[in-house]
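Student: A single structure is presented below for examination.
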Protein chains: 2
Amino acid sequence: MDKDLIDTAAGKAPCDLNLTNCVMVDVLGGRFIENATVSIRNGRIAGVNDGLEAKATLNLGGKFLAPGLVDAHVHVESSLLTPAEYARVVLPHGTTTVVADPHEIVNVLGYDGMRFMLSASSDLPLDFFFMVPSCVPATEFDTAGAALYASDMYPFLQDERVLGLGEVMNYPGVLAREQRLMDKIALFTSARKPVDGHAPGLRGAALSAYIVAGIGSDHECTTPAEAEEKLSKGMYIMLREGSTAKDLSHLIPAIKPASVPRFMVCSDDRHSNDLRDEGHMDHAVRLLLAGGIAPIDAFRIASANAAQWFGMKGVGAIAPGYKADFVAFSSFDAFKAEMVFKCGRLVAENGALIEDFPARQMALRDSVNIKWLTAGDFIIPDKGTSVKVIEARQDSIITGQLVEKPTVVEGTCVSDPSRDLIKIFVIDRHSGSGRIGKGFIKGLGLKRGAIGGTISHDSHNMIIAGVDDASIFKAARHLNKMKGGLVYAVGDKIILDLPLPVAGLMSDRDADFVIGRLRAFEELFEREGLTNHTPLMTLSFMALPVIPSLKITDAGLIDVDRFAPVDLYVDA
Amino acid sequence: MDKDLIDTAAGKAPCDLNLTNCVMVDVLGGRFIENATVSIRNGRIAGVNDGLEAKATLNLGGKFLAPGLVDAHVHVESSLLTPAEYARVVLPHGTTTVVADPHEIVNVLGYDGMRFMLSASSDLPLDFFFMVPSCVPATEFDTAGAALYASDMYPFLQDERVLGLGEVMNYPGVLAREQRLMDKIALFTSARKPVDGHAPGLRGAALSAYIVAGIGSDHECTTPAEAEEKLSKGMYIMLREGSTAKDLSHLIPAIKPASVPRFMVCSDDRHSNDLRDEGHMDHAVRLLLAGGIAPIDAFRIASANAAQWFGMKGVGAIAPGYKADFVAFSSFDAFKAEMVFKCGRLVAENGALIEDFPARQMALRDSVNIKWLTAGDFIIPDKGTSVKVIEARQDSIITGQLVEKPTVVEGTCVSDPSRDLIKIFVIDRHSGSGRIGKGFIKGLGLKRGAIGGTISHDSHNMIIAGVDDASIFKAARHLNKMKGGLVYAVGDKIILDLPLPVAGLMSDRDADFVIGRLRAFEELFEREGLTNHTPLMTLSFMALPVIPSLKITDAGLIDVDRFAPVDLYVDA
């Protein structure tokens with residue numbers, strides 16, 4: 001209730017800006033308003049076609065004017081960019097609001113990670129709202145960087161940019177009414193805040209029980225039938241278009257005129273190059289339009305509906321009192337954000353920022369805390385038995401489990417590139433305990449040296465696979481020295497790296513640098529003859545013990561099918 | 001988060017009831033679900049088609065099953081019934097939830113009136129939610145029974161059945177940013193609670209300013225264009241079908257598939273006979289269907305949308321976790337609530353309650369507090385001038401203002417039925433001050449005796465019009481004796497009365513009694529030859545100084561066009 005805005009709307013004071021001569025995409029009234037004038041004061045809309053005076057006028061030359069786009073669910077960390085740099089990339093694509101679930105950094109830094117994301121994303125021309133990660137730690141199987149329980153979450157509930165509880169991935173925990181999880185859900189539902197879901201393939205009675213527990217949205221649908229059941233049972237559905245998971249187009253048949261209000265769009269995990277080159281929510285809108293969704297509905301799905309689900313006041317529509325966040329464009333046929341306005345300021349035009357903006361600097365402690373290592377730490381003794389081997393598969397985070405006779409040299413099991421049998425290690429990087437999980441992996445095709453990184457879902461310990469112990473040792477030391485990142489070492493030489501000093505997850509450089517390094521890694525791995533040109537991404541899922549079937553943590557191998565630790569050595 | 005319900009939904013415990021063999025009206029998914037089974041536990045829905053076991057089964061024989069209907073805005077007092085009796089009348093029509101604005105009783109009894117309504121409506125098989133009346137007192141022109149400011153409202157905000165701030169009628173006050181009104185709005189918007197509007201005909205910049213101040217709904221639209229502007233500017237629109245104001249059908253052209261989610265239905269003011277005989281929200285649904293609105297949309301407008309606007313969790317849809325409130329019926333062509341379920345119990349069938357339910361008894365102080373009167377109090381001295389006369393019009397609450405020479409007898413201005421010039425009085429019934437406003441009214445056609453009541457919007461002082469002072473005096477004394485009500489007296493004889501001892505507004509009897517007496521009044525006034533067969537209703541608006549153009553309060557005549565008190569006597 002801004003006094004100035006009331007007076008301005010009533011015509012008692014001039015507006016800052018009139019945007020004239022546009023076709024307004026009215027997502028609330030469900031129509032186009034021709035030849036509209038939108039009046040702005042203090043970053044908010046004072047009136048639409050109300051004949052208000054303004055200090056400045058911008059003639060939009062008949063362009064369409066739609067609300068700024070909203071990403072309903074994103075892990076910003078997946079871009080490897082800090083919030084400010086993320087904003088620089090997505091703003092020119094018409095996104096003005098994102099709802100971030102900082103699940104990755106909070107798994108590393110806990111409360112401090114959440115505070116960092118809130119601070120690093122404030123005062124930017126992109127509005128960052130947050131969901132508090134609900135599954136930290138993700139499992140009991142490894143050394144987590146942090147834990148966040150209901151009582152830790154309470155302070156964040158008081159922040160106006162914190163909207164609710166992030167995706168509840170542990171649906172067996174919900175059905176079993178695990179107390180710590182129930183406490184988190186209760187904290188948010190009692191505050192009448194939304195609780196996001198994550199329930200791939202969950203149907204029938206199990207789905208109903210999950211919903212009854214208080215979970216109201218889902219972004220994991222892959223078929224129209226799944227989406228329809230979830231809609232009918234009361235869920236909001238987020239249509240996901242990430243870098244790997246591309247579900248949006250498959251779900252279009254589930255979007256009916258009467259169910260449009262329950263759909264949103266989200267990116268979940270999307271890489272910097274895709275964000276920069278293919279787009280963000282503008283890309284999602286293009287897919288909706290290409291799929292035959294009416295333009296009004298497509299924009300509503302990409303704006304107002306998310307505001308409704310999350311209770312974001314004054315977001316997602318062009319109406320008095322709303323934030324003056326807009327995207328202007330010439331055509332629905334090849335929708336492209338030609339002008340982007342945030343709080344009434346033109347911030348991007350024709351795909352480029354109008355002016356740069358500073359990022360808030362905030363100190364963040366180093367997140368890589370490993371015990372002093374020696375090359376000897378990477379020895380895997382031979383016990384005369386076979387060993388379990390993780391079988392990595394191209395384009396899937398599901399692994400197979402194999403049993404193989406290891407290649408043995410002088411009493412130790414060694415990597416054998418000729419059999420594509422490579423040693424893999426997960427090193428506790430949070431508590432400095434020295435815990436190292438040891439195993440073998442097949443499917444990377446690594447011929448020499450070692451690759452490694454500090455991104456490994458969900459606990460983000462250090463993960464390294466390598467052909468020889470010197471390279472592995474070097475990779476580990478370099479990751480430590482960089483305070484996290486990605487690396488390829490051969491012997492004592494670093495072939496390529498990407499420092500990710502922000503929690504070991506995000507770069508402190510710009511998107512072009514990050515994209516350049518990732519591209520260089522791909523080219524390098526192609527030249528080196530790896531089976532998989534993004535082996536570091538493959539590695540990053542090898543420590544995720546909720547995805548079948550054999551995974552590795554700093555506590556050793558996990559048989560996910562049996563949900564239990566297993567020994568590396570297999571008695572014949 | 002009901003533990004039993006989670007376990008039941010998951011199939012670990014049996015449901016109480018399965019409703020089988022129905023066509024579910026799925027207002028969230030926007031479709032019909034054929035051959036559905038809805039499973040219920042503890043009054044809530046545990047599952048839909050989830051194959052759950054239940055202790056009992058009710059085969060609905062292929063009937064449609066829709067969510068219970070929701071009245072989004074009602075002054076229960078207009079039915080002259082207490083909440084329990086109101087529930088008895090509307091439940092058989094399929095209404096399971098009402099959002100009441102107890103504006104009338106709060107104008108009489110303030111805080112205690114609000115508490116009475118909350119208490120008297122608890123534990124009924126109809127859910128009463130409340131909006132806190134925003135305009136008490138309504139004006140500064142008369143003696144109000146009560147005042148309710150932001151600090152008085154705060155305690156009610158803590159009640160889970162109090163949803164927000166009631167219709168803000170004083171829109172000039174909003175535009176002028178009147179501090180006490182702004183404080184009320186701020187209290188609710190800061191708590192993220194809805195604020196209802198009331199803005200008949202408000203358009204353009206004034207409408208935008210009203211919306212910017214935080215007001216989000218309106219139930220006063222009379223044309224599609226007005227509704228469309230309000231929708232586009234972000235308002236939710238309540239389609240009103242009351243006893244007098246019948247706007248619903250006129251607004252149907254404004255309902256577009258893309259704007260359906262922003263519409264609700266409401267009754268605002270609806271009399272007991274209309275509720276009993278014509279219906280309640282079932283009647284509104286029939287009008288929507290007759291107007292060509294798709295059945296899914298019609299039911300959505302009458303259920304889920306209100307739940308959305310008001311933030312009523314678990315209301316307005318058939319989905320897991322929602323209240324098991326349903327209406328079952330056989331056809332959309334002649335929609336009729338054949339079975340009504342509240343929290344899983346069959347409460348009404350074929351228009352009749354299945355079993356009665358007790359009303360909670362709550363003591364309420366007498367609301368009629370007048371100074372001891374004598375017949376001499378009703379003398380209007382002649383000053384040799386003309387007098388201002390209120391011109392009452394058939395079927396309108398807008399009055400004209402006339403200037404006439406009074407008929408004078410022995411130095412006093414008297415009623416003159418031959419000229420249809422009748423004395424009218426408003427007597428402070430709240431503070432016992434003895435304040436009496438005196439005037440003349442034309443248009444009632446009263447031939448003898450006096451009519452009066454304690455219903456007179458918005459302050460509900462005692463209002464009496466009569467031909468002779470003895471009848472007027474008798475009417476006043478009888479209203480006092482009845483602790484409020486409606487009366488027709490001739491000389492020292494009471495011809496007919498309707499006691500309304502609950503705040504002078506509501507009966508303590510049943511709907512049939514109230515409807516019978518109102519019918520008897522109408523027949524009586526017809527026999528007596530009055531121009532207007534509902535003169536007591538006409539009278540009830542003569543003290544409302546926000547409706548043009550000449551009105552009367554206990555402080556005398558008010559020229560509404562000039563928004564100022566005026567003298568009865570007019571110098572030539």
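We name chains A, B, ... following the order of the structure tokens; residues begin at 1 in each chain, and ligands are numbered from 1 as shown.
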Please run DSSP on the backbone and report, as a count of residues only, all residues within stretch 189-270 of chain A that come out as strand (DSSP E or B).
Tutor: 17
Student: Determine, counting only C-alpha atoms, which protein, DNA and RNA residues have an atom within 7 Å of an atom of A:Gly504; residues of the same chain fewer than 5 positions away are not included. Present the result as a ChimeraX atom specification.
Tutor: /A:367-368,454-455,483-485
Student: Could you give me, as a ChimeraX atom specification, the residues within 8 Å of stretch 127-139 of chain A, counting only C-alpha atoms and dropping anything in the same chain fewer than 4 positions from it?
Tutor: /A:96-103,106-107,110,114,118,121-122,144-149,153,156,161-170,181,184,458-459,545-546
Student: Counting only C-alpha atoms, give me one row per residue of chain B with an atom at most 6 Å from an atom of chain A, showing the shortest contact pair and its distance in Å to one decimal, sorted by chain then residue number, as JSON lines.
Tutor:
```
{"residue": "B:Met1", "atom": "CA", "partner": "A:Ala213", "partner_atom": "CA", "distance": 5.3}
{"residue": "B:Ile6", "atom": "CA", "partner": "A:Ala209", "partner_atom": "CA", "distance": 4.9}
{"residue": "B:Ala9", "atom": "CA", "partner": "A:Ala209", "partner_atom": "CA", "distance": 4.7}
{"residue": "B:Ala10", "atom": "CA", "partner": "A:Ala209", "partner_atom": "CA", "distance": 5.1}
{"residue": "B:Leu28", "atom": "CA", "partner": "A:Ser232", "partner_atom": "CA", "distance": 5.7}
{"residue": "B:Gly29", "atom": "CA", "partner": "A:Ser232", "partner_atom": "CA", "distance": 4.4}
{"residue": "B:Gly30", "atom": "CA", "partner": "A:Ala258", "partner_atom": "CA", "distance": 4.6}
{"residue": "B:Gly47", "atom": "CA", "partner": "A:Ser208", "partner_atom": "CA", "distance": 5.8}
{"residue": "B:Asp50", "atom": "CA", "partner": "A:Ala205", "partner_atom": "CA", "distance": 4.9}
{"residue": "B:Gly204", "atom": "CA", "partner": "A:Asp50", "partner_atom": "CA", "distance": 5.1}
{"residue": "B:Ala205", "atom": "CA", "partner": "A:Asp50", "partner_atom": "CA", "distance": 4.9}
{"residue": "B:Ala206", "atom": "CA", "partner": "A:Ala10", "partner_atom": "CA", "distance": 5.3}
{"residue": "B:Ser208", "atom": "CA", "partner": "A:Pro320", "partner_atom": "CA", "distance": 5.7}
{"residue": "B:Ala209", "atom": "CA", "partner": "A:Ala9", "partner_atom": "CA", "distance": 4.6}
{"residue": "B:Val212", "atom": "CA", "partner": "A:Gly321", "partner_atom": "CA", "distance": 4.6}
{"residue": "B:Ala213", "atom": "CA", "partner": "A:Met1", "partner_atom": "CA", "distance": 5.4}
{"residue": "B:Leu231", "atom": "CA", "partner": "A:Gly29", "partner_atom": "CA", "distance": 5.1}
{"residue": "B:Ser232", "atom": "CA", "partner": "A:Gly29", "partner_atom": "CA", "distance": 4.4}
{"residue": "B:Lys233", "atom": "CA", "partner": "A:Ala319", "partner_atom": "CA", "distance": 4.6}
{"residue": "B:Gly234", "atom": "CA", "partner": "A:Ala319", "partner_atom": "CA", "distance": 5.7}
{"residue": "B:Ala258", "atom": "CA", "partner": "A:Gly30", "partner_atom": "CA", "distance": 4.6}
{"residue": "B:Ser259", "atom": "CA", "partner": "A:Gly30", "partner_atom": "CA", "distance": 5.1}
{"residue": "B:Ala319", "atom": "CA", "partner": "A:Lys233", "partner_atom": "CA", "distance": 4.6}
{"residue": "B:Pro320", "atom": "CA", "partner": "A:Ser208", "partner_atom": "CA", "distance": 5.7}
{"residue": "B:Gly321", "atom": "CA", "partner": "A:Val212", "partner_atom": "CA", "distance": 4.7}
```
Student: Which residues are close to A:Asp420, i.e. within 12 Å by only C-alpha atoms, leaving aside same-chain residues fewer than 2 positions away? Reply as JSON, numbers by chain.
Tutor: {"A": [389, 390, 391, 392, 404, 406, 407, 414, 415, 416, 417, 418, 422, 423, 440, 441, 442, 443, 444, 445, 446, 447, 448, 465, 466, 467, 529, 530, 531]}
Student: Those residues with C-alpha atoms, as a PDB file, in the first residue's frame please?
Tutor:
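In the end it all went to selection28.pdb:
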```pdb
ATOM      1  CA  VAL A 389      31.707 -52.293 -10.524  1.00  0.00           C
ATOM      2  CA  ILE A 390      29.447 -49.317 -11.213  1.00  0.00           C
ATOM      3  CA  GLU A 391      28.280 -49.474 -14.794  1.00  0.00           C
ATOM      4  CA  ALA A 392      27.746 -45.914 -16.009  1.00  0.00           C
ATOM      5  CA  GLU A 404      34.443 -58.292 -12.336  1.00  0.00           C
ATOM      6  CA  PRO A 406      40.033 -56.693 -10.960  1.00  0.00           C
ATOM      7  CA  THR A 407      43.359 -56.276 -12.708  1.00  0.00           C
ATOM      8  CA  VAL A 414      44.495 -51.013 -10.420  1.00  0.00           C
ATOM      9  CA  SER A 415      42.604 -49.175 -13.144  1.00  0.00           C
ATOM     10  CA  ASP A 416      42.724 -50.987 -16.448  1.00  0.00           C
ATOM     11  CA  PRO A 417      41.846 -48.703 -19.363  1.00  0.00           C
ATOM     12  CA  SER A 418      42.043 -51.636 -21.733  1.00  0.00           C
ATOM     13  CA  ILE A 422      38.649 -47.299 -13.763  1.00  0.00           C
ATOM     14  CA  LYS A 423      39.122 -46.583 -10.074  1.00  0.00           C
ATOM     15  CA  PHE A 440      35.464 -49.159  -9.833  1.00  0.00           C
ATOM     16  CA  ILE A 441      33.494 -47.664 -12.660  1.00  0.00           C
ATOM     17  CA  LYS A 442      32.974 -48.833 -16.219  1.00  0.00           C
ATOM     18  CA  GLY A 443      31.599 -46.764 -19.080  1.00  0.00           C
ATOM     19  CA  LEU A 444      33.630 -43.547 -18.970  1.00  0.00           C
ATOM     20  CA  GLY A 445      36.225 -44.630 -21.507  1.00  0.00           C
ATOM     21  CA  LEU A 446      38.965 -42.639 -19.767  1.00  0.00           C
ATOM     22  CA  LYS A 447      42.358 -43.559 -21.276  1.00  0.00           C
ATOM     23  CA  ARG A 448      44.807 -41.628 -19.070  1.00  0.00           C
ATOM     24  CA  ALA A 465      37.930 -41.278 -11.355  1.00  0.00           C
ATOM     25  CA  GLY A 466      41.374 -41.965 -12.705  1.00  0.00           C
ATOM     26  CA  VAL A 467      43.718 -44.300 -14.438  1.00  0.00           C
ATOM     27  CA  GLY A 529      38.644 -40.632 -26.957  1.00  0.00           C
ATOM     28  CA  LEU A 530      36.255 -40.925 -24.023  1.00  0.00           C
ATOM     29  CA  THR A 531      33.023 -42.831 -24.607  1.00  0.00           C
TER      30      THR A 531
END
```
Student: Using only C-alpha atoms, which residue out of B:Glu349, B:Phe473, B:Arg276, B:Asp468 lies closest to B:Trp372?
Tutor: B:Phe473
Student: For atom CA of B:Gly452 and atom CA of B:Met117, determine how far apart the two atoms are, in Å to one decimal place.
Tutor: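 If I compute the distance from atom CA of B:Gly452 to atom CA of B:Met117, I get 25.3 Å.
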Student: Just list as a PyMOL selection string whatever in stretch 96-278 of chain B DSSP marks as helix (DSSP H, G or I).
Tutor: chain B and resi 103-109+111-120+150-157+171-175+179-190+204-212+224-232+248-254+260-262+272-278
Student: Can you tell me, as a VMD selection string, what residues are no more than 10 Å from A:Arg509 when counting only C-alpha atoms, ignoring any on the same chain fewer than 2 positions away?
Tutor: chain A and resid 80 to 82 85 498 to 501 506 to 507 511 to 514
Student: Interatomic distance between atom CA of A:Arg519 and atom CA of A:Thr244?
Tutor: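 Between atom CA of A:Arg519 and atom CA of A:Thr244 the gap is 16.5 Å.
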Student: Between atom CA of A:Tyr171 and atom CA of B:Pro14, what distance in Å does the model show, to one decimal?
Tutor: 21.3 Å
Student: Let me make sure I understand: among B:Thr374, B:Gln179, B:Ser249, B:Ser78, which one has the smallest atom-to-atom distance to B:Asp274 if we use only C-alpha atoms?
Tutor: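 Of B:Thr374, B:Gln179, B:Ser249, B:Ser78, the one nearest B:Asp274, counting only C-alpha atoms, is B:Ser78.
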Student: Write out as a list in words which residues come within 10 Å of A:Pro358 when counting only C-alpha atoms, dropping same-chain ones fewer than 4 positions away.
Tutor: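 Listing them by chain and then by number gives Ala84, Glu85, Asp123 and Leu124 of chain A.
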Student: Restricted to C-alpha atoms, what would the selected residues look like written as a compact mmCIF listing (two decimals), in the first residue's frame?
Tutor:
```
# COMPACT_ATOMS: atom_id res chain seq x y z
CA ALA A 84 23.93 -12.07 -10.33
CA GLU A 85 25.55 -13.77 -13.30
CA ASP A 123 18.80 -5.96 -5.21
CA LEU A 124 19.16 -7.49 -8.65
```
Student: Which residues come within 8 Å of B:Asn461, counting only C-alpha atoms, excluding same-chain residues fewer than 5 positions away, as a count of residues only?
Tutor: 11
